[in-house]
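Working notes, beginning with the structure itself.
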Amino acid sequence: MAGLAHGLGGLKYDPKKRHRPPELNVFVAFVVIVLLFEILGRLFVGDSFLFNTRDGIDTLFNEARLRIIILQVAIIGIIALGVTQVIIAGGIDLSSGSIVGAAAMVGTMFAQSSINQYGMENTAPVLGLAFLDLPVIVAIVAALAAGLLAGVINGLLIAYGKIPPFIVTLGMMLFARGVANWTTKGKPISYLQEDYAAIGAGMTPVFIFLGAALVMHLLLKYTRYGKHTYAIGSNEQAARMSGIDVDRLKVLIYAIAGFLSALAAIVLSSKALTGQSGMGVMYELDAIAMAVIGGTSLAGGRGSVLGTCIGALIFGVIISGFTFMKLDAFYQEMAKGAIIVAAVLLDQWRARQQAARN
Amino acid sequence: MNDIILKTEGLTKHYGGVQALVGADFEIRQGEHVAIMGDNGAGKSTFVRQITGVEQRSSGKVYFDGQAVDFAGPLEAREAGIETVFQNLALADALNVPDNLFLGREKFLFKCGPFSILDFKAMRSETLKSLERTGVKIPNVDNPISNMSGGQRQCVAIARTATFHSKLTIMDEPTAALGVQETAQVENIVRTLKEAGEPLILISHNMRQVFDLVDRIVVFRRGRIVANLRKEDTSGEDVVAYITGAKTDPAYEVDA
């Protein structure tokens with residue numbers, strides 16, 4: 001195809017316009033932040049952030065810290081995967097944190113056993129004695145169905161009710177939290193089955209996160225679903241004119257987001273060995289932050305699962321790094337806020353740069 | 001008479017009390033390139049919106065490819081073989097060239113509803129073929145459209161028509177936002193379509209362009225067709241006179 005560029009005044013191949021994967025920038029930012037903590041740590045704390053400095057343990061890296069970083073972000077990371085595709089499609093999902101709460105309650109309700117690990121009898125089951133010691137799959141399906149339902153309602157209202165996603169998901173955020181509180185009048189659910197507790201044990205959450213990330217990556221990259229998600233985020237009018245059933249696709253996108261929030265709820269409640277209606281408060285914002293830090297554009301059309309995964313890692317490194325530096329939690333919050341704003345600022349700057357080049 | 005690709009009879013559109021298009025009789029033959037001219041608000045775009053199914057006509061008939069048609073939406077018109085290149089480029093910025101060409105009609109390796117797996121290879125190679133056929137030069141088709149110039153984008157939009165062997169192409173002011181070189185490139189593509197015998201309806205304000213490219217000029221004024229001129233039998237001044245209302249073709253005289 002080399003001959004194609006001949007005699008084209010002005011239309012020749014311009015290497016400056018070559019497309020560079022945006023994930024590269026995010027990854028560089030990630031490396032810079034890790035190095036920053038490494039240097040600050042050596043200067044002020046006298047310890048290494050990344051490497052193992054303790055005697056007697058024969059590993060190069062500080063594996064305990066790395067494990068905690070990944071484990072910390074795994075659950076919100078699962079939510080962030082759903083939020084990423086919502087934002088790519090030009091929407092927003094503020095309800096994911098509350099869906100976590102509601103789905104956690106629904107799931108654990110069906111996961112109660114008659115006897116806890118200390119041999120104490122469950123005297124006050126939420127759903128009655130008939131619902132104790134059910135197969136774990138029932139609890140999983142119930143939780144996922146609850147999340148899916150909430151997502152479908154979001155999608156239907158946005159696509160067919162023509163209400164802005166911000167409003168719909170804000171409403172769902174309050175509604176789902178209300179449902180979570182209503183289920184047990186605010187009381188936590190305990191006496192969970194051992195099989196249910198196994199879901200969130202050890203490093204399993206990380207594997208669930210990675211599995212979900214892989215599936216979402218394949219979906220967004222190689223299927224019609226993904227292609228059309230990018231298309232409606234980048235030009236909804238064009239997508240409609242091209243014959244894409246934009247409304248149905250939107251329902252599906254929000255449904256998948258709700259499903260992933262419920263998956264996170266299962267992992268979270270299993271890990272905590274309890275279902276609490278307050279679970280997942282503010283998770284929606286952390287999930288949006290991970291997506292945005294990972295290069296997902298709030299204007300729609302741009303972003304990737306890989307970017308969000310790196311965004312999640314950046315998030316984890318910052319939380320862990322602040323703890324490592326022995327800084328108080330409020331500094332963490334300030335830093336998180338500043339980083340989100342900085343990421344959006346960077347995104348807009350990139351968009352302007354691109355506009356100026358054309 | 002069966003080489004008439006599109007024919008309208010008494011095509012009329014009101015928006016409430018406003019008559020945007022009144023009794024338009026229009027036809028275009030196989031291989032013919034026809035320009036639609038007229039002042040802003042003369043009814044050109046309204047006319048196109050009725051035949052492409054973007055809007056539903058108030059009354060009148062449309063025949064396409066020998067059959068009476070009634071498109072419920074632009075997609076049906078497109079499936080029947082009418083490709084429209086809109087003024088506001090209907091392209092998704094974040095996607096690359098093959099993705100845009102095949103948007104809404106992807107090729108699949110494996111079909112499974114929304115989770116069907118895309119056949120990137122086939123779409124890419126067909127894209128390159130159709131770009132070559134239309135003479136569109138895009139340095140790197142794997143770049144997202146947002147990295148391309150206005151002219152290149154317009155070319156991509158036009159190349160879409162060639163990819164799907166449309167029976168009729170409609171271009172709504174394809175060069176209105178383009179520079180000199182880019183306009184020349186788009187015009188070259190139009191000539192390629194002419195050589196290939198593909199019929200085209202071109203809406204344009206550019207007199208030179210119209211006289212360069214088309215066989216016939218249809219002039220709209222205040223919602224009515226006021227002239228139907230063979231290029232050889234007319235001149236720029238003449239066309240302007242029809243557009244502004246200084247002249248009306250006797251055949252289209254209406255009793256006011």
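So you can find residues: chains in the structure tokens are A, B, ... in the order shown, residues in each start at 1, and ligands are numbered from 1 in order.
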
Residues of chain B at most 9 Å from chain A: nearest atom pair and distance in Å, only C-alpha atoms, as a Markdown table:
| residue | atom | partner | partner_atom | distance |
| --- | --- | --- | --- | --- |
| B:Val54 | CA | A:Met241 | CA | 8.9 |
| B:Gly73 | CA | A:Met241 | CA | 8.7 |
| B:Pro74 | CA | A:Met241 | CA | 6.4 |
| B:Leu75 | CA | A:Gly243 | CA | 5.3 |
| B:Glu76 | CA | A:Gly243 | CA | 8.7 |
| B:Arg78 | CA | A:Ser242 | CA | 8.8 |
| B:Leu89 | CA | A:Ala238 | CA | 7.9 |
| B:Ala90 | CA | A:Ala238 | CA | 4.4 |
| B:Leu91 | CA | A:Ala238 | CA | 5.6 |
| B:Ala92 | CA | A:Asn235 | CA | 5.0 |
| B:Asp93 | CA | A:Ser234 | CA | 5.8 |
| B:Ala94 | CA | A:Gly301 | CA | 5.6 |
| B:Leu95 | CA | A:Ala231 | CA | 7.0 |
| B:Asp99 | CA | A:Lys227 | CA | 7.8 |
| B:Asn100 | CA | A:Ala231 | CA | 8.6 |
| B:Phe102 | CA | A:Ser242 | CA | 8.8 |
| B:Leu103 | CA | A:Ser242 | CA | 6.0 |
| B:Gly104 | CA | A:Ser242 | CA | 5.1 |
| B:Arg105 | CA | A:Ser242 | CA | 8.0 |
| B:Glu106 | CA | A:Arg224 | CA | 7.5 |
| B:Phe108 | CA | A:Arg224 | CA | 8.5 |
| B:Gly113 | CA | A:Arg224 | CA | 8.3 |
| B:Pro114 | CA | A:Tyr225 | CA | 5.0 |
| B:Phe115 | CA | A:Thr223 | CA | 5.3 |
| B:Ser116 | CA | A:Thr223 | CA | 5.3 |
| B:Ile117 | CA | A:Thr223 | CA | 4.4 |
| B:Leu118 | CA | A:Thr223 | CA | 5.4 |
| B:Asp119 | CA | A:Tyr222 | CA | 8.5 |
| B:Phe120 | CA | A:Tyr222 | CA | 8.5 |
| B:Leu128 | CA | A:Met1 | CA | 8.8 |
| B:Glu132 | CA | A:Leu4 | CA | 8.4 |
| B:Gly135 | CA | A:Leu4 | CA | 8.9 |
| B:Val136 | CA | A:Leu4 | CA | 8.7 |
| B:Lys137 | CA | A:Leu4 | CA | 6.0 |
| B:Ile138 | CA | A:Leu11 | CA | 7.6 |
| B:Pro139 | CA | A:Tyr13 | CA | 5.0 |
| B:Asn140 | CA | A:Tyr13 | CA | 7.3 |
| B:Asp142 | CA | A:His19 | CA | 8.3 |
| B:Asn143 | CA | A:His19 | CA | 5.9 |
| B:Pro144 | CA | A:His19 | CA | 7.6 |
| B:Ser146 | CA | A:Gln354 | CA | 7.8 |
| B:Asn147 | CA | A:Lys17 | CA | 6.4 |
| B:Met148 | CA | A:Asn358 | CA | 6.5 |
| B:Ser149 | CA | A:Asn358 | CA | 5.5 |
| B:Gly150 | CA | A:Asn358 | CA | 8.0 |
| B:Gly151 | CA | A:Leu11 | CA | 9.0 |
| B:Gln152 | CA | A:Leu11 | CA | 8.0 |
| B:Gln181 | CA | A:Gly9 | CA | 7.5 |
| B:Glu182 | CA | A:Gly10 | CA | 8.7 |
| B:Gln185 | CA | A:Leu8 | CA | 8.7 |

Could you give me, as a ChimeraX atom specification, the residues within 10 Å of Glu173 (chain B), counting only C-alpha atoms and dropping anything in the same chain fewer than 5 positions from it? /B:36,45,85-88,202-206

Of the candidates A:Ser297, A:Ile199, A:Phe37, A:Tyr118, which shows the shortest atom-to-atom distance to Trp349 (chain A), using only C-alpha atoms? A:Ser297

Excluding Ala196 (chain B) and its own-chain neighbours fewer than 4 positions away, which residues fall within 12 Å of it when counting only C-alpha atoms? Please give them as a ChimeraX atom specification. /B:30-33,133-135,162,165-167,189-192,200

Store the residues of this selection in a file with C-alpha atoms, as a tab-separated table (two decimals), in the first residue's frame.
chain	number	residue	atom	x	y	z
B	30	GLN	CA	-28.90	4.78	-13.52
B	31	GLY	CA	-25.42	6.32	-13.76
B	32	GLU	CA	-26.75	9.86	-13.69
B	33	HIS	CA	-25.30	12.56	-11.44
B	133	ARG	CA	-11.81	1.59	-5.70
B	134	THR	CA	-12.91	5.09	-4.72
B	135	GLY	CA	-9.42	6.49	-4.93
B	162	ALA	CA	-18.41	2.13	-2.23
B	165	HIS	CA	-22.28	-1.31	-3.45
B	166	SER	CA	-25.05	1.14	-2.86
B	167	LYS	CA	-27.54	1.71	-5.65
B	189	ILE	CA	-13.98	10.52	-5.71
B	190	VAL	CA	-17.23	11.80	-7.17
B	191	ARG	CA	-15.69	11.45	-10.66
B	192	THR	CA	-14.65	7.91	-9.81
B	200	LEU	CA	-25.46	10.34	-7.29

DSSP helix (DSSP H, G or I) selection over region 51-95 of chain A, as a PyMOL selection string: chain A and resi 63-88

I'd like to know which of A:Ile92, A:Val126, A:Leu157, A:Leu35 is closest to Ala289 (chain A), using only C-alpha atoms. A:Ile92

Counting only C-alpha atoms, what is within 12 Å of Phe207 (chain A), bar same-chain residues fewer than 2 positions away, as a VMD selection string? chain A and resid 70 to 71 73 to 75 77 to 78 199 to 205 209 to 214 267

Please dump the current selection as a JSON list (two decimals), in the first residue's frame; keep N, CA and C atoms.
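Written out: out_7.json:
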[["chain", "number", "residue", "atom", "x", "y", "z"],
["A", 70, "ILE", "N", -2.75, -5.19, 45.91],
["A", 70, "ILE", "CA", -3.63, -5.80, 44.91],
["A", 70, "ILE", "C", -4.97, -6.20, 45.53],
["A", 71, "LEU", "N", -4.89, -6.76, 46.73],
["A", 71, "LEU", "CA", -6.11, -7.21, 47.41],
["A", 71, "LEU", "C", -7.04, -6.03, 47.70],
["A", 73, "VAL", "N", -7.41, -3.28, 46.06],
["A", 73, "VAL", "CA", -8.10, -2.69, 44.91],
["A", 73, "VAL", "C", -8.95, -3.70, 44.16],
["A", 74, "ALA", "N", -8.82, -4.98, 44.50],
["A", 74, "ALA", "CA", -9.50, -6.00, 43.70],
["A", 74, "ALA", "C", -11.01, -5.80, 43.70],
["A", 75, "ILE", "N", -11.59, -5.55, 44.89],
["A", 75, "ILE", "CA", -13.04, -5.49, 44.98],
["A", 75, "ILE", "C", -13.58, -4.25, 44.27],
["A", 77, "GLY", "N", -12.00, -2.67, 42.14],
["A", 77, "GLY", "CA", -11.59, -2.86, 40.74],
["A", 77, "GLY", "C", -12.65, -3.56, 39.92],
["A", 78, "ILE", "N", -13.30, -4.56, 40.52],
["A", 78, "ILE", "CA", -14.38, -5.27, 39.82],
["A", 78, "ILE", "C", -15.48, -4.28, 39.43],
["A", 199, "ILE", "N", -15.28, -17.78, 49.15],
["A", 199, "ILE", "CA", -15.17, -16.98, 47.92],
["A", 199, "ILE", "C", -14.19, -15.82, 48.09],
["A", 200, "GLY", "N", -14.23, -15.21, 49.28],
["A", 200, "GLY", "CA", -13.40, -14.02, 49.46],
["A", 200, "GLY", "C", -12.12, -14.30, 50.24],
["A", 201, "ALA", "N", -11.83, -15.59, 50.47],
["A", 201, "ALA", "CA", -10.68, -15.92, 51.31],
["A", 201, "ALA", "C", -9.37, -15.78, 50.54],
["A", 202, "GLY", "N", -8.34, -15.44, 51.28],
["A", 202, "GLY", "CA", -6.99, -15.38, 50.71],
["A", 202, "GLY", "C", -6.92, -14.46, 49.51],
["A", 203, "MET", "N", -6.28, -14.95, 48.46],
["A", 203, "MET", "CA", -6.10, -14.12, 47.26],
["A", 203, "MET", "C", -7.20, -14.35, 46.22],
["A", 204, "THR", "N", -8.22, -15.11, 46.58],
["A", 204, "THR", "CA", -9.29, -15.38, 45.60],
["A", 204, "THR", "C", -9.88, -14.10, 45.00],
["A", 205, "PRO", "N", -10.14, -13.05, 45.82],
["A", 205, "PRO", "CA", -10.69, -11.83, 45.21],
["A", 205, "PRO", "C", -9.86, -11.32, 44.04],
["A", 209, "PHE", "N", -11.14, -10.78, 40.31],
["A", 209, "PHE", "CA", -10.95, -9.48, 39.62],
["A", 209, "PHE", "C", -10.26, -9.68, 38.27],
["A", 210, "LEU", "N", -9.18, -10.47, 38.28],
["A", 210, "LEU", "CA", -8.44, -10.67, 37.03],
["A", 210, "LEU", "C", -9.29, -11.40, 35.99],
["A", 211, "GLY", "N", -10.07, -12.37, 36.47],
["A", 211, "GLY", "CA", -10.96, -13.10, 35.55],
["A", 211, "GLY", "C", -11.99, -12.16, 34.93],
["A", 212, "ALA", "N", -12.61, -11.33, 35.79],
["A", 212, "ALA", "CA", -13.61, -10.38, 35.30],
["A", 212, "ALA", "C", -12.96, -9.39, 34.33],
["A", 213, "ALA", "N", -11.74, -8.97, 34.67],
["A", 213, "ALA", "CA", -11.04, -8.00, 33.81],
["A", 213, "ALA", "C", -10.77, -8.63, 32.45],
["A", 214, "LEU", "N", -10.36, -9.88, 32.44],
["A", 214, "LEU", "CA", -10.07, -10.56, 31.17],
["A", 214, "LEU", "C", -11.34, -10.65, 30.31],
["A", 267, "VAL", "N", -17.98, -10.91, 46.81],
["A", 267, "VAL", "CA", -16.60, -11.05, 47.28],
["A", 267, "VAL", "C", -16.41, -10.29, 48.60]]

May I have the residues within 12 Å of Thr108 (chain A) as an mmCIF file with C-alpha atoms, in the first residue's frame, using only C-alpha atoms and disregarding those fewer than 5 positions away in the same chain?
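The result, stored in result-v6.cif:
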data_model
loop_
_atom_site.group_PDB
_atom_site.id
_atom_site.type_symbol
_atom_site.label_atom_id
_atom_site.label_comp_id
_atom_site.auth_asym_id
_atom_site.auth_seq_id
_atom_site.Cartn_x
_atom_site.Cartn_y
_atom_site.Cartn_z
ATOM 1 C CA VAL A 100 -22.943 -3.394 46.349
ATOM 2 C CA GLY A 101 -24.782 -2.784 49.627
ATOM 3 C CA ALA A 102 -28.108 -4.116 48.371
ATOM 4 C CA ALA A 103 -26.614 -7.141 46.613
ATOM 5 C CA SER A 113 -26.088 -21.433 57.991
ATOM 6 C CA PRO A 125 -32.286 -16.232 60.560
ATOM 7 C CA VAL A 126 -33.328 -13.375 58.288
ATOM 8 C CA LEU A 127 -35.528 -15.409 55.981
ATOM 9 C CA PHE A 131 -33.733 -20.765 54.071
ATOM 10 C CA LEU A 132 -30.748 -21.934 56.080
ATOM 11 C CA ASP A 133 -27.958 -24.094 54.689
ATOM 12 C CA LEU A 134 -28.982 -23.644 51.073
ATOM 13 C CA VAL A 136 -24.052 -21.512 48.015
ATOM 14 C CA ILE A 137 -25.003 -21.122 44.367
ATOM 15 C CA VAL A 138 -28.434 -19.877 45.480
ATOM 16 C CA ALA A 139 -26.874 -16.978 47.358
ATOM 17 C CA ILE A 140 -24.598 -16.166 44.438
ATOM 18 C CA VAL A 141 -27.413 -16.214 41.916
ATOM 19 C CA ALA A 142 -29.659 -14.131 44.203
ATOM 20 C CA ALA A 143 -27.011 -11.458 44.666
ATOM 21 C CA LEU A 144 -26.121 -11.325 40.977
ATOM 22 C CA ALA A 180 -30.161 -2.497 51.635
ATOM 23 C CA THR A 183 -33.936 -5.807 54.208
ATOM 24 C CA THR A 184 -32.893 -6.236 57.843
ATOM 25 C CA PRO A 188 -25.931 -6.923 59.862
ATOM 26 C CA ILE A 189 -26.323 -10.491 58.575
ATOM 27 C CA SER A 190 -23.964 -13.043 60.062
ATOM 28 C CA TYR A 191 -23.745 -16.839 60.423
ATOM 29 C CA LEU A 192 -22.540 -17.215 56.867
ATOM 30 C CA GLN A 193 -21.792 -20.661 55.459
ATOM 31 C CA GLU A 194 -18.167 -21.705 55.197
ATOM 32 C CA ASP A 195 -18.494 -22.326 51.476
ATOM 33 C CA TYR A 196 -19.714 -18.757 50.982
ATOM 34 C CA ALA A 197 -16.860 -17.427 53.086
ATOM 35 C CA ALA A 262 -23.079 -7.521 42.625
ATOM 36 C CA ALA A 265 -20.666 -7.436 46.753
ATOM 37 C CA ILE A 266 -20.370 -11.219 46.952
ATOM 38 C CA VAL A 267 -16.597 -11.047 47.281
ATOM 39 C CA LEU A 268 -16.771 -8.229 49.823
ATOM 40 C CA SER A 269 -19.409 -9.813 52.063
ATOM 41 C CA SER A 270 -17.688 -13.164 51.860
ATOM 42 C CA LYS A 271 -14.363 -11.632 52.805
ATOM 43 C CA ALA A 272 -15.944 -9.706 55.684
ATOM 44 C CA LEU A 273 -17.946 -12.782 56.762
ATOM 45 C CA THR A 274 -21.013 -10.595 57.095
ATOM 46 C CA GLY A 275 -23.543 -8.677 55.068
ATOM 47 C CA GLN A 276 -23.983 -5.045 56.063
ATOM 48 C CA SER A 277 -26.263 -2.487 54.535
#

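Put simply, CA of Val305 (chain A) is 5.4 Å away from CA of His217 (chain A).
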
Write out as a list in words all residues of region 12-243 of chain A that backbone DSSP assigns to strand (DSSP E or B). Phe51, Phe61, Gln112, Ile115, Glu121, Ile189, Leu192 and Thr223 of chain A

Give me the residues near Thr308 (chain A) as a count of residues only, where near means some atom within 9 Å (using only C-alpha atoms) and where sequence neighbours in that chain fewer than 2 positions away do not count. 20

Using only C-alpha atoms, which residues sit within 10 Å of Val240 (chain B) once same-chain residues fewer than 3 positions away are excluded, as a list in words?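 Near Val240 (chain B), the qualifying residues are Met37, Gly38, Asp39, Met207, Val219, Ser235, Gly236, Glu237, Ile243, Thr244, Gly245, Ala246 and Lys247 of chain B.
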
Restrict the selected residues to C-alpha atoms and save them as a short mmCIF file (atom, residue, chain, number, x, y, z; two decimals), in the first residue's frame.
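As written to disk, result09.cif reads:
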data_model
loop_
_atom_site.label_atom_id
_atom_site.label_comp_id
_atom_site.auth_asym_id
_atom_site.auth_seq_id
_atom_site.Cartn_x
_atom_site.Cartn_y
_atom_site.Cartn_z
CA MET B 37 -29.37 23.53 -5.65
CA GLY B 38 -31.30 26.23 -3.91
CA ASP B 39 -31.09 28.85 -1.20
CA MET B 207 -21.63 26.52 -8.75
CA VAL B 219 -33.36 23.89 -8.41
CA SER B 235 -25.35 28.58 -17.39
CA GLY B 236 -24.36 29.73 -13.96
CA GLU B 237 -26.30 32.96 -14.35
CA ILE B 243 -32.44 30.07 -7.28
CA THR B 244 -33.23 33.67 -6.45
CA GLY B 245 -36.64 33.63 -8.12
CA ALA B 246 -35.87 35.93 -11.04
CA LYS B 247 -36.89 33.08 -13.33
#

Selected residue of minimal separation from Asn40 (chain B) among B:Thr183, B:Ala20, B:His14, B:Thr84, counting only C-alpha atoms: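 Among the listed residues, B:Ala20 lies closest to Asn40 (chain B).
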